[in-house]
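What's in data-v7.txt: compact mmCIF, C-alpha atoms
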```txt
# COMPACT_ATOMS: atom_id res chain seq x y z
CA MET I 25 -30.25 -24.06 -61.30
CA SER I 26 -26.57 -23.65 -62.04
CA ARG I 27 -25.03 -26.74 -63.58
CA ARG I 28 -23.18 -29.06 -61.24
CA HIS I 29 -22.38 -32.68 -62.12
CA ARG I 30 -19.89 -33.48 -59.38
CA PRO I 31 -21.08 -35.80 -56.61
CA GLY I 32 -20.64 -35.01 -52.95
CA PRO I 33 -21.21 -31.89 -50.85
CA ARG I 34 -21.10 -28.40 -52.29
CA THR I 35 -18.18 -26.09 -51.65
CA VAL I 36 -19.40 -22.69 -50.48
CA VAL I 37 -17.49 -19.49 -49.74
CA VAL I 38 -19.15 -16.95 -47.43
CA THR I 39 -17.66 -13.52 -46.81
CA GLY I 40 -18.62 -11.66 -43.66
CA ALA I 41 -19.05 -15.09 -42.09
CA SER I 42 -18.12 -14.19 -38.52
CA ALA I 43 -21.44 -12.52 -37.65
CA GLY I 44 -24.89 -11.49 -38.83
CA ILE I 45 -26.32 -12.73 -42.11
CA GLY I 46 -23.05 -14.37 -43.15
CA ARG I 47 -22.91 -16.36 -39.91
CA ALA I 48 -26.53 -17.51 -40.24
CA THR I 49 -25.97 -18.40 -43.89
CA ALA I 50 -22.93 -20.54 -43.08
CA ARG I 51 -25.01 -22.46 -40.52
CA LEU I 52 -27.72 -23.29 -43.05
CA PHE I 53 -25.27 -24.44 -45.72
CA ALA I 54 -23.60 -26.60 -43.06
CA ALA I 55 -26.93 -28.23 -42.25
CA GLN I 56 -26.97 -29.40 -45.89
CA GLY I 57 -23.54 -30.97 -45.38
CA ALA I 58 -21.66 -28.36 -47.36
CA ASN I 59 -17.97 -27.53 -47.16
CA VAL I 60 -17.94 -23.92 -46.00
CA ALA I 61 -14.99 -21.53 -46.34
CA LEU I 62 -15.48 -18.71 -43.83
CA LEU I 63 -14.03 -15.29 -44.67
CA ALA I 64 -13.87 -12.27 -42.34
CA ARG I 65 -11.21 -10.31 -40.49
CA GLY I 66 -11.98 -11.37 -36.90
CA ARG I 67 -10.50 -14.68 -35.85
CA THR I 68 -12.66 -15.13 -32.75
CA GLY I 69 -15.93 -14.88 -34.67
CA LEU I 70 -14.59 -17.09 -37.46
CA ASP I 71 -13.54 -19.82 -35.04
CA ALA I 72 -16.98 -19.76 -33.41
CA ALA I 73 -18.66 -19.89 -36.83
CA ALA I 74 -16.46 -22.84 -37.80
CA ALA I 75 -17.51 -24.73 -34.66
CA GLU I 76 -21.15 -24.18 -35.58
CA VAL I 77 -20.56 -25.41 -39.11
CA GLU I 78 -18.95 -28.60 -37.83
CA GLU I 79 -21.73 -29.13 -35.27
CA ARG I 80 -24.32 -28.97 -38.03
CA GLY I 81 -22.66 -31.54 -40.26
CA GLY I 82 -20.53 -29.43 -42.57
CA ARG I 83 -16.80 -28.97 -42.90
CA ALA I 84 -15.33 -25.58 -42.11
CA LEU I 85 -12.26 -23.68 -43.23
CA VAL I 86 -11.33 -20.49 -41.38
CA LEU I 87 -9.74 -17.90 -43.66
CA PRO I 88 -9.07 -14.52 -41.99
CA THR I 89 -9.42 -12.12 -44.90
CA ASP I 90 -9.85 -8.41 -45.52
CA VAL I 91 -12.14 -8.43 -48.56
CA ALA I 92 -11.00 -4.93 -49.50
CA ASP I 93 -7.66 -6.49 -50.45
CA ALA I 94 -8.00 -8.28 -53.80
CA GLU I 95 -4.85 -10.35 -53.22
CA GLN I 96 -6.15 -11.63 -49.89
CA VAL I 97 -9.48 -12.59 -51.47
CA GLU I 98 -7.72 -14.42 -54.30
CA ALA I 99 -5.54 -16.28 -51.82
CA ALA I 100 -8.61 -17.27 -49.79
CA ALA I 101 -10.40 -18.53 -52.89
CA GLN I 102 -7.42 -20.69 -53.79
CA ALA I 103 -7.14 -22.00 -50.23
CA ALA I 104 -10.84 -22.96 -50.31
CA GLU I 105 -10.40 -24.94 -53.53
CA ASP I 106 -7.18 -26.54 -52.29
CA ALA I 107 -9.03 -27.77 -49.20
CA PHE I 108 -12.46 -28.65 -50.60
CA GLY I 109 -12.31 -28.67 -54.39
CA PRO I 110 -14.05 -26.38 -56.89
CA VAL I 111 -16.19 -23.61 -55.45
CA ASP I 112 -19.86 -24.12 -56.30
CA VAL I 113 -21.36 -21.11 -54.50
CA TRP I 114 -19.82 -17.79 -53.53
CA VAL I 115 -21.78 -15.51 -51.17
CA ASN I 116 -20.67 -11.88 -50.88
CA ASP I 117 -21.89 -10.41 -47.59
CA ALA I 118 -19.03 -8.57 -45.84
CA PHE I 119 -19.45 -4.85 -45.26
CA SER I 120 -18.50 -1.93 -43.06
CA THR I 121 -20.01 1.51 -42.82
CA VAL I 122 -20.36 4.78 -40.92
CA PHE I 123 -23.56 6.12 -39.35
CA ALA I 124 -23.31 9.91 -39.62
CA PRO I 125 -24.34 12.83 -41.80
CA PHE I 126 -22.21 12.83 -44.92
CA THR I 127 -20.39 16.01 -43.90
CA GLU I 128 -19.21 14.30 -40.69
CA VAL I 129 -17.58 11.34 -42.50
CA ASP I 130 -13.86 11.80 -43.15
CA ALA I 131 -12.50 11.05 -46.62
CA ASP I 132 -10.42 8.12 -45.34
CA GLU I 133 -13.42 6.65 -43.54
CA TYR I 134 -15.58 6.95 -46.64
CA ARG I 135 -12.91 5.33 -48.77
CA ARG I 136 -12.36 2.46 -46.34
CA ALA I 137 -16.07 1.66 -45.97
CA THR I 138 -16.52 1.77 -49.74
CA GLU I 139 -13.55 -0.50 -50.33
CA VAL I 140 -14.95 -3.09 -47.92
CA THR I 141 -18.62 -2.89 -48.86
CA TYR I 142 -18.42 -2.31 -52.61
CA LEU I 143 -14.96 -3.38 -53.73
CA GLY I 144 -15.19 -6.39 -51.41
CA TYR I 145 -18.04 -7.65 -53.60
CA VAL I 146 -16.05 -6.84 -56.73
CA ASN I 147 -13.03 -8.73 -55.41
CA GLY I 148 -15.12 -11.72 -54.36
CA THR I 149 -16.96 -11.84 -57.68
CA ARG I 150 -13.69 -11.67 -59.61
CA ALA I 151 -12.15 -14.51 -57.59
CA ALA I 152 -15.27 -16.63 -58.04
CA LEU I 153 -15.55 -16.04 -61.78
CA ARG I 154 -11.87 -16.81 -62.26
CA ARG I 155 -12.68 -20.34 -61.10
CA MET I 156 -16.26 -20.81 -62.26
CA LEU I 157 -16.01 -19.59 -65.85
CA PRO I 158 -13.55 -22.26 -67.04
CA ARG I 159 -15.85 -24.94 -65.57
CA ASP I 160 -18.97 -23.19 -66.89
CA ALA I 161 -20.71 -23.79 -63.57
CA GLY I 162 -21.33 -21.98 -60.31
CA ALA I 163 -23.50 -19.41 -58.55
CA ILE I 164 -22.62 -16.05 -57.02
CA VAL I 165 -25.07 -14.57 -54.52
CA GLN I 166 -24.77 -10.89 -53.62
CA VAL I 167 -26.37 -9.88 -50.33
CA GLY I 168 -28.01 -6.60 -51.27
CA SER I 169 -30.35 -4.18 -49.54
CA ALA I 170 -33.49 -2.18 -50.09
CA LEU I 171 -31.17 0.79 -49.47
CA GLY I 172 -29.50 -0.05 -52.78
CA PHE I 173 -32.66 1.37 -54.38
CA ARG I 174 -33.88 3.92 -51.85
CA SER I 175 -31.24 5.90 -49.99
CA VAL I 176 -31.83 7.17 -46.46
CA PRO I 177 -30.18 9.91 -44.42
CA LEU I 178 -27.22 9.13 -42.16
CA GLN I 179 -26.11 6.21 -44.36
CA ALA I 180 -24.59 7.82 -47.45
CA VAL I 181 -21.60 5.44 -47.36
CA TYR I 182 -23.67 2.27 -47.17
CA CYS I 183 -26.37 3.41 -49.60
CA GLY I 184 -23.80 4.49 -52.16
CA ALA I 185 -22.01 1.15 -51.95
CA LYS I 186 -25.23 -0.87 -52.20
CA HIS I 187 -26.34 1.13 -55.24
CA ALA I 188 -22.93 0.45 -56.78
CA ILE I 189 -23.27 -3.30 -56.11
CA ASN I 190 -26.55 -3.37 -58.00
CA GLY I 191 -25.07 -1.58 -60.99
CA PHE I 192 -21.91 -3.67 -61.02
CA THR I 193 -23.83 -6.95 -60.70
CA SER I 194 -26.22 -6.04 -63.52
CA SER I 195 -23.28 -5.42 -65.84
CA VAL I 196 -21.67 -8.74 -64.94
CA ARG I 197 -24.97 -10.56 -65.34
CA THR I 198 -25.51 -9.20 -68.86
CA GLU I 199 -21.96 -10.13 -69.82
CA LEU I 200 -22.55 -13.70 -68.64
CA LEU I 201 -25.79 -13.81 -70.64
CA HIS I 202 -23.98 -12.52 -73.72
CA GLN I 203 -21.39 -15.27 -73.35
CA GLY I 204 -24.06 -17.93 -72.91
CA SER I 205 -22.38 -18.88 -69.63
CA ARG I 206 -23.98 -21.27 -67.18
CA VAL I 207 -22.44 -19.33 -64.31
CA ALA I 208 -25.16 -17.30 -62.62
CA VAL I 209 -25.14 -14.22 -60.42
CA THR I 210 -28.11 -12.97 -58.42
CA VAL I 211 -28.85 -10.43 -55.68
CA VAL I 212 -30.93 -10.89 -52.55
CA GLN I 213 -32.30 -7.51 -51.50
CA MET I 214 -32.62 -7.43 -47.71
CA PRO I 215 -34.76 -5.49 -45.25
CA ALA I 216 -33.61 -4.29 -41.83
CA VAL I 217 -31.95 -7.24 -40.09
CA ASN I 218 -31.06 -7.78 -36.43
CA THR I 219 -27.30 -8.15 -36.75
CA PRO I 220 -24.45 -7.05 -34.42
CA GLN I 221 -23.47 -4.23 -36.80
CA PHE I 222 -25.44 -1.70 -34.75
CA ASP I 223 -23.22 -2.45 -31.75
CA TRP I 224 -19.93 -2.01 -33.58
CA VAL I 225 -20.50 0.29 -36.54
CA LEU I 226 -18.60 3.58 -36.47
CA SER I 227 -21.27 6.08 -35.45
CA ARG I 228 -21.32 9.81 -34.81
CA LEU I 229 -25.00 9.89 -33.89
CA PRO I 230 -26.00 11.26 -30.48
CA LYS I 231 -27.91 8.05 -29.72
CA ASN I 232 -27.21 4.41 -30.51
CA PRO I 233 -27.99 3.40 -34.10
CA ARG I 234 -30.75 0.93 -34.83
CA PRO I 235 -32.42 -0.71 -37.84
CA VAL I 236 -35.69 0.78 -39.07
CA ALA I 237 -38.70 -1.38 -38.26
CA PRO I 238 -39.86 -3.89 -39.31
CA ILE I 239 -36.76 -5.85 -38.34
CA TYR I 240 -36.08 -9.47 -39.34
CA GLN I 241 -33.84 -12.09 -37.80
CA PRO I 242 -30.68 -13.12 -39.70
CA GLU I 243 -32.14 -16.57 -40.34
CA VAL I 244 -34.84 -15.02 -42.54
CA ALA I 245 -32.11 -13.50 -44.69
CA ALA I 246 -30.06 -16.70 -44.66
CA ARG I 247 -32.96 -18.81 -45.92
CA ALA I 248 -33.35 -16.42 -48.84
CA VAL I 249 -29.63 -16.68 -49.64
CA LEU I 250 -29.82 -20.48 -49.73
CA HIS I 251 -32.83 -20.37 -52.02
CA ALA I 252 -31.05 -17.91 -54.31
CA ALA I 253 -27.98 -20.17 -54.42
CA ASP I 254 -30.22 -23.04 -55.52
CA HIS I 255 -32.10 -20.86 -58.04
CA PRO I 256 -29.58 -18.20 -59.15
CA ARG I 257 -31.06 -17.52 -62.59
CA ARG I 258 -33.50 -14.94 -61.29
CA LYS I 259 -32.00 -11.45 -61.38
CA GLN I 260 -32.90 -10.68 -57.77
CA TYR I 261 -34.99 -11.65 -54.78
CA TYR I 262 -36.76 -9.37 -52.33
CA VAL I 263 -36.93 -10.28 -48.64
CA GLY I 264 -39.64 -8.74 -46.48
CA LEU I 265 -42.72 -6.77 -47.43
CA SER I 266 -40.91 -3.63 -46.31
CA THR I 267 -38.27 -4.19 -49.00
CA VAL I 268 -40.91 -4.55 -51.71
CA ALA I 269 -42.78 -1.49 -50.43
CA THR I 270 -39.58 0.58 -50.27
CA ILE I 271 -38.52 -0.28 -53.81
CA LEU I 272 -42.01 0.16 -55.23
CA GLY I 273 -42.53 3.42 -53.35
CA ASN I 274 -39.27 4.79 -54.72
CA ARG I 275 -40.44 4.03 -58.24
CA VAL I 276 -43.83 5.64 -57.74
CA ALA I 277 -43.05 8.71 -55.65
CA PRO I 278 -39.32 9.25 -55.02
CA ALA I 279 -39.66 12.96 -54.23
CA LEU I 280 -42.34 12.27 -51.64
CA LEU I 281 -40.13 9.64 -50.05
CA ASP I 282 -37.32 12.20 -49.88
CA ARG I 283 -39.57 14.48 -47.83
CA TYR I 284 -40.85 11.63 -45.67
CA LEU I 285 -37.34 10.35 -44.88
CA ALA I 286 -36.02 13.85 -44.25
CA ARG I 287 -38.68 14.18 -41.57
CA THR I 288 -38.50 10.69 -40.03
CA GLY I 289 -35.16 9.16 -41.03
CA TYR I 290 -33.05 10.60 -38.23
CA ALA I 291 -35.22 9.52 -35.31
CA SER I 292 -36.16 6.11 -36.79
CA GLN I 293 -32.49 5.10 -37.03
CA GLN I 294 -31.63 5.85 -33.39
CA THR I 295 -32.68 4.26 -30.12
CA ASP I 296 -33.61 6.24 -27.00
CA GLN I 297 -30.24 5.47 -25.42
CA ARG I 298 -27.39 7.94 -25.52
CA ALA I 299 -24.35 6.70 -27.42
CA GLN I 300 -21.40 5.50 -25.36
CA ALA I 301 -18.36 7.74 -25.34
CA HIS I 302 -16.03 4.93 -26.43
CA ARG I 303 -18.23 2.39 -28.20
CA PRO I 304 -16.46 -0.31 -30.24
CA GLU I 305 -16.19 0.12 -34.00
CA ASN I 306 -14.99 -2.21 -36.72
CA LEU I 307 -14.11 0.08 -39.61
CA TRP I 308 -10.36 -0.28 -39.26
CA GLN I 309 -10.07 -3.34 -37.02
CA PRO I 310 -12.40 -6.31 -36.41
CA ALA I 311 -14.70 -5.86 -33.43
CA ASP I 312 -13.81 -9.33 -32.10
CA GLY I 313 -10.18 -8.36 -31.83
CA PRO I 314 -7.80 -8.38 -28.84
CA ASP I 315 -10.46 -9.14 -26.24
CA GLY I 316 -11.69 -12.15 -28.19
CA VAL I 317 -15.42 -11.38 -28.21
CA ASP I 318 -17.69 -13.49 -30.41
CA HIS I 319 -20.70 -11.39 -31.39
CA GLY I 320 -22.68 -14.20 -33.04
CA ALA I 321 -25.37 -13.81 -35.66
CA HIS I 322 -27.93 -11.77 -33.72
CA GLY I 323 -27.88 -8.19 -32.57
CA VAL I 324 -29.64 -6.73 -29.54
CA PHE I 325 -33.08 -6.37 -31.12
CA ASP I 326 -34.35 -9.93 -30.67
CA ASP I 327 -37.48 -8.78 -28.85
CA SER I 328 -38.64 -6.69 -31.81
CA SER I 329 -37.44 -8.88 -34.70
CA HIS I 330 -39.52 -11.20 -36.88
CA PRO I 331 -38.33 -14.82 -37.24
CA HIS I 332 -40.28 -15.32 -40.48
CA SER I 333 -41.22 -13.34 -43.58
CA PRO I 334 -44.40 -14.50 -45.37
CA GLN I 335 -43.42 -12.28 -48.31
CA ALA I 336 -40.03 -13.99 -48.64
CA ALA I 337 -41.71 -17.38 -48.63
CA LEU I 338 -44.14 -16.23 -51.32
CA ALA I 339 -41.30 -14.77 -53.38
CA ARG I 340 -39.80 -18.25 -53.76
CA HIS I 341 -42.84 -19.03 -55.91
CA PRO I 342 -43.00 -16.65 -58.91
CA VAL I 343 -46.73 -17.22 -59.42
CA LEU I 344 -47.43 -15.62 -56.04
CA VAL I 345 -45.15 -12.61 -56.43
CA ALA I 346 -47.97 -10.53 -57.92
CA ALA I 347 -49.99 -10.96 -54.74
CA ALA I 348 -47.06 -9.78 -52.64
CA SER I 349 -46.58 -6.78 -54.93
CA ALA I 350 -50.23 -5.81 -54.53
CA ALA I 351 -49.87 -5.95 -50.76
CA ALA I 352 -46.73 -3.84 -51.00
CA GLY I 353 -48.61 -1.29 -53.08
CA ALA I 354 -51.17 -0.95 -50.33
CA ALA I 355 -48.36 -0.50 -47.80
CA VAL I 356 -46.80 2.23 -49.94
CA GLY I 357 -50.12 4.03 -50.07
CA ALA I 358 -50.46 3.87 -46.32
CA VAL I 359 -47.02 5.40 -45.83
CA LEU I 360 -47.21 8.08 -48.50
CA GLY I 361 -50.82 9.10 -47.93
CA PRO I 362 -50.04 11.41 -44.99
CA VAL I 363 -47.07 12.84 -46.89
CA ARG I 364 -49.24 13.71 -49.87
CA ARG I 365 -51.91 15.25 -47.65
CA GLY I 366 -49.28 17.27 -45.83
CA ARG I 367 -47.87 18.50 -49.11
CA ARG I 368 -51.27 19.62 -50.36
CA GLY I 369 -51.94 21.30 -47.05
CA GLY I 370 -48.66 23.21 -47.29
```

As structure tokens, the full file:
Amino acid sequence: MSRRHRPGPRTVVVTGASAGIGRATARLFAAQGANVALLARGRTGLDAAAAEVEERGGRALVLPTDVADAEQVEAAAQAAEDAFGPVDVWVNDAFSTVFAPFTEVDADEYRRATEVTYLGYVNGTRAALRRMLPRDAGAIVQVGSALGFRSVPLQAVYCGAKHAINGFTSSVRTELLHQGSRVAVTVVQMPAVNTPQFDWVLSRLPKNPRPVAPIYQPEVAARAVLHAADHPRRKQYYVGLSTVATILGNRVAPALLDRYLARTGYASQQTDQRAQAHRPENLWQPADGPDGVDHGAHGVFDDSSHPHSPQAALARHPVLVAAASAAAGAAVGAVLGPVRRGRRGG
């Protein structure tokens, strides 16, 4: 665990706290009695998240922040410490993206999504380290993705940013190890999660975007974030057997996965419903803007989402990780078998 000698509740900063994984994570920290600083752009979602934090026994601080702006992130970090004292845990989760073939994403859109999703993590990590390093204590948790290892079609912006987060975090981690610092940084690699992003992401797909099954509820992800915050010395955590299988499969047969995803990746990321002509999108403005809509933690895929992940529970116990990896290997074989047979047949 990261060193912490101060008595009393932890001070936690969560970016992307107005919805999805960030919202669910804030709730769980609140249930432990933590002081939770909530960062996002949308005031309506932040206010609702703050009410949930208070209801669960924590203290909340609403800090409307665009994480792409380093000065805003620094100001939010200082406001959190002014209100609650030294930050013990910083969770980077905020992101924005575009669902479209790469050639249909404008340069400004690509830049904006990258600044939020990648540079937002850089800005948050910098603000956290500026405070944690002098105290030689603290934990930074990066909410990652299996797509940070294995890219898929239609998500070049998101996949590129998540790959960058992994590379950036590994560099920072080795620097902290070199310094002998007690500050720790870890990554929680997530599967497909039922969050509101699929309702508000900028999309140029003919049908509504969707996560690729299997889908997990945000609480599964949030439990993994809490565990990582308590045990941040491990380099990374995998959530969901699909995450393990994806990462392992990419190591074993990346070219075969390219062919498989080229064939299946378009249809598997779209529902059967035609996209609305004027669907909301949050790339430039928060989706809970003028009309004051709180989107909550869950998306619209509750009926097909798993509330638990046996693999994630096993992964909290290193002795059992090998068993989960073996199961993932079998899953990889099941997926790639038809691809290999098709390749030989061709």

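Using all atoms listed in the file for every distance, the candidate list I:Ala152, I:Leu178, I:Val167, I:Val129 yields I:Ala152 as the residue closest to Ala208 in chain I.
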
Leaving out range 284-298 of chain I and any residue of its chain fewer than 3 positions from it, which residues lie within 7 Å of it when counting only C-alpha atoms, given as a compact mmCIF listing (two decimals) with C-alpha atoms, keeping the file's coordinate frame?
```
# COMPACT_ATOMS: atom_id res chain seq x y z
CA VAL I 176 -31.83 7.17 -46.46
CA PRO I 177 -30.18 9.91 -44.42
CA PRO I 230 -26.00 11.26 -30.48
CA LYS I 231 -27.91 8.05 -29.72
CA ASN I 232 -27.21 4.41 -30.51
CA PRO I 233 -27.99 3.40 -34.10
CA ARG I 234 -30.75 0.93 -34.83
CA PRO I 235 -32.42 -0.71 -37.84
CA VAL I 236 -35.69 0.78 -39.07
CA LEU I 280 -42.34 12.27 -51.64
CA LEU I 281 -40.13 9.64 -50.05
CA VAL I 363 -47.07 12.84 -46.89
```

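Nearest residue to Ala151 in chain I, choosing from I:Ala269, I:Val263, I:Ala321, I:Val115 and counting only C-alpha atoms: I:Val115.
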
*List the neighbours of range 96-111 of chain I out to 8 Å using all atoms listed in the file; skip same-chain residues closer than 3 positions along the sequence, and give me the result as a PyMOL selection string.*
chain I and resi 34-37+59+61+63+85+87+89-91+93+114+147-148+151-152+155-156+162

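Put simply, CA of Ala75 in chain I is 24.8 Å away from CA of Pro304 in chain I.
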
*asked:* List the spatial neighbours of Ile239 in chain I as a ChimeraX atom specification - criterion: any atom at most 12 Å away, only C-alpha atoms, same-chain residues fewer than 6 positions off excluded.
replied: /I:214-219,245,263-267,293,322-333

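Coordinates place CA of Thr127 in chain I at a distance of 23.0 Å from CA of Ile189 in chain I.
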
_With only C-alpha atoms as the counted atoms, please give the residues lying no more than 10 Å from Val209 in chain I, apart from itself and same-chain residues fewer than 5 positions off, as a ChimeraX atom specification._
/I:26,113-115,149,153,162-166,193-194,196-198,200,252-253,255-260

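Going from CA of Arg136 in chain I to CA of Ala72 in chain I covers 26.1 Å.
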
*Mind listing as a PyMOL selection string all residues within 7 Å of (-10.6, -8.0, -36.4), counting all atoms listed in the file?*
chain I and resi 65-67+309-313

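Of the listed residues (I:Tyr182, I:Trp224, I:Tyr142, I:Tyr262), I:Tyr182 comes nearest to Phe126 in chain I; the distances count only C-alpha atoms.
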
*asked:* Here is a test: counting all atoms listed in the file, which residue of I:Arg174, I:Arg150, I:Arg206, I:Arg47 is nearest to Phe192 in chain I?
replied: I:Arg150

*Rank nothing, just name the residue among I:Ser42, I:Ser227, I:Asn190, I:Asn116 nearest to Ser169 in chain I, using all atoms listed in the file.*
I:Asn190
